[in-house]
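Q: For reference, this is input-v4.tsv, and it has TSV, N, CA and C atoms.
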chain	number	residue	atom	x	y	z
M	5	MET	N	0.85	-1.18	0.00
M	5	MET	CA	0.00	0.00	0.00
M	5	MET	C	0.88	1.23	0.00
M	6	ASN	N	0.49	2.21	-0.75
M	6	ASN	CA	1.28	3.43	-0.91
M	6	ASN	C	0.55	4.59	-0.26
M	7	PRO	N	1.11	5.13	0.84
M	7	PRO	CA	0.42	6.21	1.55
M	7	PRO	C	0.29	7.50	0.74
M	8	THR	N	1.01	7.62	-0.39
M	8	THR	CA	0.90	8.84	-1.20
M	8	THR	C	-0.36	8.84	-2.06
M	9	HIS	N	-1.07	7.73	-2.11
M	9	HIS	CA	-2.30	7.63	-2.90
M	9	HIS	C	-3.46	7.20	-2.01
M	10	PRO	N	-3.99	8.14	-1.20
M	10	PRO	CA	-5.06	7.76	-0.27
M	10	PRO	C	-6.29	7.19	-0.96
M	11	GLY	N	-6.63	7.64	-2.16
M	11	GLY	CA	-7.78	7.08	-2.86
M	11	GLY	C	-7.60	5.61	-3.16
M	12	GLU	N	-6.40	5.22	-3.56
M	12	GLU	CA	-6.12	3.82	-3.83
M	12	GLU	C	-6.18	2.99	-2.54
M	13	ASN	N	-5.70	3.58	-1.45
M	13	ASN	CA	-5.75	2.88	-0.16
M	13	ASN	C	-7.19	2.62	0.26
M	14	GLU	N	-8.05	3.63	0.09
M	14	GLU	CA	-9.45	3.48	0.45
M	14	GLU	C	-10.12	2.43	-0.44
M	15	GLU	N	-9.80	2.46	-1.73
M	15	GLU	CA	-10.37	1.49	-2.66
M	15	GLU	C	-9.91	0.07	-2.29
M	16	TRP	N	-8.63	-0.06	-1.96
M	16	TRP	CA	-8.09	-1.36	-1.56
M	16	TRP	C	-8.80	-1.86	-0.30
M	17	MET	N	-8.93	-0.98	0.69
M	17	MET	CA	-9.56	-1.34	1.96
M	17	MET	C	-11.03	-1.69	1.74
M	18	SER	N	-11.74	-0.91	0.95
M	18	SER	CA	-13.14	-1.20	0.66
M	18	SER	C	-13.29	-2.57	0.01
M	19	GLY	N	-12.40	-2.89	-0.90
M	19	GLY	CA	-12.42	-4.20	-1.55
M	19	GLY	C	-12.20	-5.33	-0.57
M	20	ARG	N	-11.26	-5.15	0.35
M	20	ARG	CA	-10.99	-6.19	1.37
M	20	ARG	C	-12.20	-6.37	2.27
M	21	ILE	N	-12.80	-5.28	2.70
M	21	ILE	CA	-13.97	-5.36	3.59
M	21	ILE	C	-15.13	-6.03	2.86
M	22	GLU	N	-15.38	-5.62	1.62
M	22	GLU	CA	-16.48	-6.21	0.84
M	22	GLU	C	-16.27	-7.71	0.66
M	23	SER	N	-15.05	-8.11	0.39
M	23	SER	CA	-14.73	-9.53	0.22
M	23	SER	C	-15.00	-10.30	1.52
M	24	TRP	N	-14.59	-9.73	2.66
M	24	TRP	CA	-14.81	-10.38	3.95
M	24	TRP	C	-16.30	-10.49	4.24
M	25	VAL	N	-17.05	-9.42	3.99
M	25	VAL	CA	-18.48	-9.42	4.27
M	25	VAL	C	-19.19	-10.49	3.44
M	26	GLU	N	-18.84	-10.61	2.16
M	26	GLU	CA	-19.48	-11.61	1.31
M	26	GLU	C	-19.17	-13.02	1.80
M	27	THR	N	-17.93	-13.26	2.21
M	27	THR	CA	-17.55	-14.57	2.75
M	27	THR	C	-18.30	-14.85	4.05
M	28	TYR	N	-18.39	-13.85	4.93
M	28	TYR	CA	-19.09	-13.97	6.20
M	28	TYR	C	-20.57	-14.27	5.97
M	29	LYS	N	-21.20	-13.54	5.05
M	29	LYS	CA	-22.62	-13.75	4.77
M	29	LYS	C	-22.87	-15.17	4.29
M	30	LYS	N	-22.02	-15.67	3.40
M	30	LYS	CA	-22.20	-17.03	2.89
M	30	LYS	C	-22.07	-18.04	4.01
M	31	ALA	N	-21.10	-17.83	4.90
M	31	ALA	CA	-20.88	-18.77	6.00
M	31	ALA	C	-21.98	-18.69	7.04
M	32	MET	N	-22.53	-17.52	7.27
M	32	MET	CA	-23.49	-17.32	8.35
M	32	MET	C	-24.95	-17.43	7.92
M	33	LEU	N	-25.21	-17.48	6.62
M	33	LEU	CA	-26.60	-17.50	6.17
M	33	LEU	C	-27.37	-18.70	6.72
M	34	THR	N	-26.77	-19.88	6.68
M	34	THR	CA	-27.46	-21.07	7.19
M	34	THR	C	-27.80	-20.94	8.67
M	35	PRO	N	-26.83	-20.67	9.56
M	35	PRO	CA	-27.22	-20.57	10.97
M	35	PRO	C	-28.17	-19.40	11.26
M	36	VAL	N	-28.06	-18.31	10.53
M	36	VAL	CA	-28.98	-17.19	10.75
M	36	VAL	C	-30.40	-17.59	10.35
M	37	ILE	N	-30.55	-18.23	9.21
M	37	ILE	CA	-31.88	-18.68	8.79
M	37	ILE	C	-32.44	-19.68	9.78
M	38	LEU	N	-31.64	-20.64	10.20
M	38	LEU	CA	-32.12	-21.64	11.17
M	38	LEU	C	-32.54	-20.98	12.48
M	39	ARG	N	-31.76	-20.00	12.93
M	39	ARG	CA	-32.10	-19.31	14.19
M	39	ARG	C	-33.41	-18.53	14.02
M	40	LEU	N	-33.58	-17.84	12.91
M	40	LEU	CA	-34.82	-17.07	12.69
M	40	LEU	C	-36.03	-17.99	12.58
M	41	VAL	N	-35.87	-19.13	11.92
M	41	VAL	CA	-36.97	-20.09	11.85
M	41	VAL	C	-37.30	-20.58	13.26
M	42	ALA	N	-36.28	-20.88	14.05
M	42	ALA	CA	-36.50	-21.36	15.42
M	42	ALA	C	-37.25	-20.32	16.25
M	43	ILE	N	-36.95	-19.06	16.04
M	43	ILE	CA	-37.60	-17.98	16.79
M	43	ILE	C	-39.07	-17.83	16.40
M	44	HIS	N	-39.35	-17.89	15.10
M	44	HIS	CA	-40.69	-17.56	14.60
M	44	HIS	C	-41.57	-18.75	14.24
M	45	GLN	N	-41.06	-19.96	14.30
M	45	GLN	CA	-41.78	-21.10	13.72
M	45	GLN	C	-43.18	-21.27	14.26
M	46	PRO	N	-44.10	-21.63	13.37
M	46	PRO	CA	-43.93	-21.77	11.93
M	46	PRO	C	-43.84	-20.40	11.28
M	47	VAL	N	-43.04	-20.28	10.20
M	47	VAL	CA	-42.78	-18.99	9.58
M	47	VAL	C	-42.85	-19.13	8.05
M	48	THR	N	-43.37	-18.08	7.42
M	48	THR	CA	-43.43	-18.06	5.96
M	48	THR	C	-42.12	-17.48	5.41
M	49	ILE	N	-41.87	-17.73	4.14
M	49	ILE	CA	-40.69	-17.17	3.47
M	49	ILE	C	-40.71	-15.64	3.55
M	50	ALA	N	-41.87	-15.03	3.33
M	50	ALA	CA	-41.97	-13.56	3.35
M	50	ALA	C	-41.57	-13.00	4.72
M	51	THR	N	-42.07	-13.60	5.79
M	51	THR	CA	-41.71	-13.16	7.14
M	51	THR	C	-40.24	-13.39	7.41
M	52	LEU	N	-39.75	-14.55	6.98
M	52	LEU	CA	-38.34	-14.88	7.17
M	52	LEU	C	-37.45	-13.86	6.45
M	53	LEU	N	-37.78	-13.54	5.21
M	53	LEU	CA	-37.00	-12.58	4.43
M	53	LEU	C	-37.01	-11.20	5.08
M	54	ALA	N	-38.18	-10.76	5.52
M	54	ALA	CA	-38.29	-9.44	6.16
M	54	ALA	C	-37.45	-9.37	7.43
M	55	ASP	N	-37.51	-10.42	8.26
M	55	ASP	CA	-36.76	-10.41	9.51
M	55	ASP	C	-35.26	-10.54	9.25
M	56	LEU	N	-34.88	-11.34	8.28
M	56	LEU	CA	-33.47	-11.48	7.92
M	56	LEU	C	-32.89	-10.13	7.51
M	57	THR	N	-33.61	-9.42	6.67
M	57	THR	CA	-33.15	-8.11	6.21
M	57	THR	C	-33.11	-7.11	7.37
M	58	ALA	N	-34.16	-7.10	8.20
M	58	ALA	CA	-34.23	-6.15	9.31
M	58	ALA	C	-33.11	-6.40	10.33
M	59	ARG	N	-32.82	-7.65	10.62
M	59	ARG	CA	-31.84	-7.96	11.67
M	59	ARG	C	-30.39	-7.88	11.19
M	60	THR	N	-30.16	-8.17	9.91
M	60	THR	CA	-28.78	-8.23	9.43
M	60	THR	C	-28.41	-7.09	8.49
M	61	GLY	N	-29.41	-6.50	7.83
M	61	GLY	CA	-29.12	-5.49	6.82
M	61	GLY	C	-28.69	-6.11	5.50
M	62	TRP	N	-28.63	-7.44	5.43
M	62	TRP	CA	-28.22	-8.12	4.20
M	62	TRP	C	-29.34	-8.04	3.18
M	63	GLN	N	-28.95	-7.87	1.94
M	63	GLN	CA	-29.91	-7.90	0.84
M	63	GLN	C	-29.81	-9.27	0.18
M	64	ILE	N	-30.86	-10.03	0.27
M	64	ILE	CA	-30.92	-11.34	-0.36
M	64	ILE	C	-32.23	-11.40	-1.15
M	65	THR	N	-32.15	-11.95	-2.32
M	65	THR	CA	-33.36	-12.03	-3.13
M	65	THR	C	-34.26	-13.14	-2.59
M	66	GLU	N	-35.54	-13.01	-2.89
M	66	GLU	CA	-36.47	-14.07	-2.47
M	66	GLU	C	-36.07	-15.39	-3.13
M	67	ARG	N	-35.62	-15.32	-4.37
M	67	ARG	CA	-35.16	-16.52	-5.09
M	67	ARG	C	-33.97	-17.15	-4.38
M	68	GLY	N	-33.01	-16.30	-3.96
M	68	GLY	CA	-31.84	-16.80	-3.24
M	68	GLY	C	-32.23	-17.44	-1.92
M	69	LEU	N	-33.19	-16.83	-1.23
M	69	LEU	CA	-33.66	-17.39	0.03
M	69	LEU	C	-34.37	-18.72	-0.21
M	70	TYR	N	-35.20	-18.79	-1.25
M	70	TYR	CA	-35.87	-20.06	-1.58
M	70	TYR	C	-34.86	-21.16	-1.85
M	71	ARG	N	-33.79	-20.85	-2.59
M	71	ARG	CA	-32.75	-21.85	-2.87
M	71	ARG	C	-32.10	-22.35	-1.58
M	72	THR	N	-31.77	-21.43	-0.69
M	72	THR	CA	-31.14	-21.80	0.57
M	72	THR	C	-32.10	-22.62	1.42
M	73	VAL	N	-33.36	-22.21	1.51
M	73	VAL	CA	-34.36	-22.95	2.28
M	73	VAL	C	-34.55	-24.35	1.70
M	74	LYS	N	-34.58	-24.46	0.37
M	74	LYS	CA	-34.72	-25.77	-0.28
M	74	LYS	C	-33.55	-26.67	0.10
M	75	ARG	N	-32.33	-26.12	0.08
M	75	ARG	CA	-31.15	-26.88	0.47
M	75	ARG	C	-31.26	-27.34	1.92
M	76	LEU	N	-31.75	-26.47	2.80
M	76	LEU	CA	-31.89	-26.82	4.22
M	76	LEU	C	-32.99	-27.87	4.42
M	77	GLN	N	-34.04	-27.83	3.59
M	77	GLN	CA	-35.07	-28.87	3.64
M	77	GLN	C	-34.50	-30.19	3.14
M	78	ASP	N	-33.76	-30.15	2.03
M	78	ASP	CA	-33.16	-31.36	1.48
M	78	ASP	C	-32.17	-32.00	2.45
M	79	SER	N	-31.53	-31.17	3.29
M	79	SER	CA	-30.58	-31.66	4.29
M	79	SER	C	-31.29	-32.18	5.54
M	80	GLY	N	-32.60	-31.94	5.63
M	80	GLY	CA	-33.37	-32.40	6.78
M	80	GLY	C	-33.37	-31.43	7.95
M	81	PHE	N	-32.88	-30.19	7.74
M	81	PHE	CA	-32.81	-29.21	8.83
M	81	PHE	C	-34.11	-28.44	9.01
M	82	LEU	N	-34.89	-28.33	7.94
M	82	LEU	CA	-36.17	-27.62	7.98
M	82	LEU	C	-37.28	-28.52	7.47
M	83	THR	N	-38.46	-28.33	8.02
M	83	THR	CA	-39.65	-28.99	7.51
M	83	THR	C	-40.59	-27.90	7.01
M	84	SER	N	-41.54	-28.27	6.16
M	84	SER	CA	-42.51	-27.29	5.70
M	84	SER	C	-43.88	-27.93	5.59
M	85	ASP	N	-44.87	-27.12	5.82
M	85	ASP	CA	-46.27	-27.53	5.67
M	85	ASP	C	-46.95	-26.52	4.76
M	86	ASP	N	-47.82	-27.01	3.87
M	86	ASP	CA	-48.64	-26.12	3.05
M	86	ASP	C	-49.89	-25.80	3.85
M	87	VAL	N	-50.12	-24.52	4.07
M	87	VAL	CA	-51.30	-24.09	4.82
M	87	VAL	C	-52.09	-23.09	3.99
M	88	ALA	N	-53.38	-23.01	4.23
M	88	ALA	CA	-54.23	-22.06	3.51
M	88	ALA	C	-54.03	-20.67	4.09
M	89	ALA	N	-53.80	-19.71	3.21
M	89	ALA	CA	-53.64	-18.31	3.63
M	89	ALA	C	-55.00	-17.76	4.05
M	90	PRO	N	-55.02	-16.88	5.05
M	90	PRO	CA	-56.29	-16.26	5.45
M	90	PRO	C	-56.94	-15.52	4.27
M	91	ARG	N	-58.22	-15.51	4.22
M	91	ARG	CA	-59.05	-14.82	3.22
M	91	ARG	C	-58.98	-15.44	1.83
M	92	THR	N	-57.78	-15.69	1.29
M	92	THR	CA	-57.70	-16.18	-0.09
M	92	THR	C	-57.75	-17.69	-0.18
M	93	GLY	N	-57.28	-18.37	0.86
M	93	GLY	CA	-57.23	-19.82	0.84
M	93	GLY	C	-56.09	-20.38	0.01
M	94	ALA	N	-55.29	-19.48	-0.60
M	94	ALA	CA	-54.14	-19.92	-1.39
M	94	ALA	C	-53.15	-20.65	-0.48
M	95	LYS	N	-52.47	-21.63	-1.03
M	95	LYS	CA	-51.50	-22.39	-0.23
M	95	LYS	C	-50.20	-21.60	-0.09
M	96	ARG	N	-49.65	-21.65	1.11
M	96	ARG	CA	-48.33	-21.07	1.34
M	96	ARG	C	-47.56	-22.01	2.25
M	97	LYS	N	-46.26	-21.96	2.14
M	97	LYS	CA	-45.41	-22.83	2.95
M	97	LYS	C	-45.09	-22.16	4.28
M	98	GLU	N	-45.18	-22.94	5.34
M	98	GLU	CA	-44.71	-22.50	6.65
M	98	GLU	C	-43.58	-23.42	7.04
M	99	LEU	N	-42.47	-22.81	7.45
M	99	LEU	CA	-41.26	-23.54	7.79
M	99	LEU	C	-41.13	-23.73	9.29
M	100	ALA	N	-40.53	-24.85	9.66
M	100	ALA	CA	-40.22	-25.12	11.07
M	100	ALA	C	-38.86	-25.83	11.12
M	101	LEU	N	-38.22	-25.71	12.24
M	101	LEU	CA	-36.93	-26.37	12.47
M	101	LEU	C	-37.18	-27.83	12.82
M	102	SER	N	-36.49	-28.74	12.16
M	102	SER	CA	-36.60	-30.16	12.49
M	102	SER	C	-35.71	-30.46	13.69
M	103	ASP	N	-35.84	-31.66	14.24
M	103	ASP	CA	-34.96	-32.06	15.34
M	103	ASP	C	-33.51	-32.05	14.87
M	104	LEU	N	-33.27	-32.52	13.65
M	104	LEU	CA	-31.91	-32.51	13.10
M	104	LEU	C	-31.39	-31.08	12.96
M	105	GLY	N	-32.24	-30.17	12.50
M	105	GLY	CA	-31.86	-28.77	12.38
M	105	GLY	C	-31.54	-28.15	13.73
M	106	ALA	N	-32.32	-28.50	14.75
M	106	ALA	CA	-32.06	-27.99	16.10
M	106	ALA	C	-30.71	-28.50	16.61
M	107	ARG	N	-30.41	-29.78	16.36
M	107	ARG	CA	-29.11	-30.33	16.78
M	107	ARG	C	-27.97	-29.66	16.03
M	108	PHE	N	-28.15	-29.41	14.73
M	108	PHE	CA	-27.13	-28.74	13.93
M	108	PHE	C	-26.88	-27.33	14.48
M	109	LEU	N	-27.96	-26.59	14.77
M	109	LEU	CA	-27.84	-25.24	15.30
M	109	LEU	C	-27.15	-25.25	16.67
M	110	GLU	N	-27.47	-26.21	17.51
M	110	GLU	CA	-26.80	-26.35	18.81
M	110	GLU	C	-25.30	-26.57	18.62
M	111	GLY	N	-24.94	-27.40	17.64
M	111	GLY	CA	-23.53	-27.66	17.35
M	111	GLY	C	-22.80	-26.41	16.89
M	112	ILE	N	-23.46	-25.61	16.07
M	112	ILE	CA	-22.85	-24.35	15.63
M	112	ILE	C	-22.69	-23.42	16.83
M	113	ASP	N	-23.75	-23.27	17.63
M	113	ASP	CA	-23.70	-22.40	18.80
M	113	ASP	C	-22.57	-22.81	19.75
M	114	ALA	N	-22.37	-24.10	19.90
M	114	ALA	CA	-21.33	-24.60	20.82
M	114	ALA	C	-19.93	-24.27	20.33
M	115	ASN	N	-19.79	-23.99	19.04
M	115	ASN	CA	-18.47	-23.73	18.48
M	115	ASN	C	-18.22	-22.28	18.10
M	116	LEU	N	-19.16	-21.40	18.41
M	116	LEU	CA	-18.93	-19.98	18.15
M	116	LEU	C	-17.91	-19.45	19.15
M	117	VAL	N	-17.05	-18.59	18.69
M	117	VAL	CA	-16.02	-18.02	19.56
M	117	VAL	C	-16.62	-16.85	20.32
M	118	GLN	N	-16.52	-16.91	21.63
M	118	GLN	CA	-16.97	-15.82	22.48
M	118	GLN	C	-15.73	-15.26	23.19
M	119	LEU	N	-15.37	-14.04	22.88
M	119	LEU	CA	-14.22	-13.43	23.53
M	119	LEU	C	-14.66	-12.76	24.83
M	120	PRO	N	-13.88	-12.95	25.88
M	120	PRO	CA	-14.24	-12.28	27.14
M	120	PRO	C	-14.15	-10.76	26.97
M	121	GLU	N	-15.02	-10.04	27.67
M	121	GLU	CA	-15.03	-8.59	27.53
M	121	GLU	C	-13.79	-7.95	28.12
M	122	ASN	N	-13.36	-8.42	29.28
M	122	ASN	CA	-12.16	-7.89	29.92
M	122	ASN	C	-11.14	-9.00	30.01
M	123	SER	N	-10.08	-8.87	29.23
M	123	SER	CA	-9.07	-9.92	29.28
M	123	SER	C	-7.75	-9.33	29.77
M	124	SER	N	-7.08	-10.08	30.60
M	124	SER	CA	-5.76	-9.66	31.08
M	124	SER	C	-4.71	-10.23	30.15
M	125	HIS	N	-3.70	-9.48	29.90
M	125	HIS	CA	-2.64	-9.95	29.01
M	125	HIS	C	-1.65	-10.77	29.74
Would you mind giving the structure from this file in structure tokens?
A:
Amino acid sequence: MNPTHPGENEEWMSGRIESWVETYKKAMLTPVILRLVAIHQPVTIATLLADLTARTGWQITERGLYRTVKRLQDSGFLTSDDVAAPRTGAKRKELALSDLGARFLEGIDANLVQLPENSSH
């Protein structure tokens, strides 16, 4: 990095941060979705998407969320039921955490790094 070109330094730093954020989002999307489903279950995709965006600030398309949810269902972490929507009677999916999904989420929680607030050197 060359301190004589602050614009290049900022661009370099922005690129590094953006790269880290994208990697973090990919790694954390599964446990975040599982946690939100556990909190709200049964939950619709629309509610899940709204809460995901509100809590994380991440922009994810409904299509992207459907793909991830489908993968989590195929893995046995989520279950879904078709229920009739109020007034229209149209079918919509409601998601819930399976026992396997709950065990997976517990395993992730057990391995998250928690740094002590006050540490002595």
Q: Could you pull out the strand (DSSP E) residues of chain M, going by DSSP on the backbone, and write them as a list in words?
A: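 Selection result, strand (DSSP E) within chain M: Leu82, Thr83, Ser84, Asp85, Asp86, Val87, Ala88, Lys95, Arg96, Lys97, Glu98, Leu99, Ala100 and Leu101 of chain M.
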Q: Which one of M:Val73, M:Leu99, M:Gly11, M:Pro35 sits closest to M:Asp85 if you count only N, CA and C atoms?
A: M:Leu99
Q: Can you pull out every residue from stretch 32-105 of chain M that DSSP, working from the backbone, puts in alpha helix (DSSP H), and format the result as a PyMOL selection string?
A: chain M and resi 32-44+49-60+66-78+103-105
Q: Work out how far atom N of M:Arg107 is from atom N of M:Arg71, in Å to one decimal.
A: 21.2 Å
Q: Suppose you want the space between atom CA of M:Ser102 and atom CA of M:Gly68; what is it in Å?
A: 21.2 Å
Q: With only C-alpha atoms as the atoms that count, which of M:Asn115, M:Asn13, M:Thr72, M:Thr48 lies nearest to M:Ala89?
A: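 Of M:Asn115, M:Asn13, M:Thr72, M:Thr48, the one nearest M:Ala89 is M:Thr48, counting only C-alpha atoms.
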Q: Could you tell me how far atom CA of M:Ser23 sits from atom CA of M:Ala54, in Å to one decimal place?
A: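 Here the two named atoms are 24.3 Å from each other.
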Q: Using only C-alpha atoms, which residue out of M:Leu119, M:Met32, M:Ile37, M:Ile21 lies closest to M:Gly105?
A: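 That would be M:Ile37, the residue with the smallest distance to M:Gly105.
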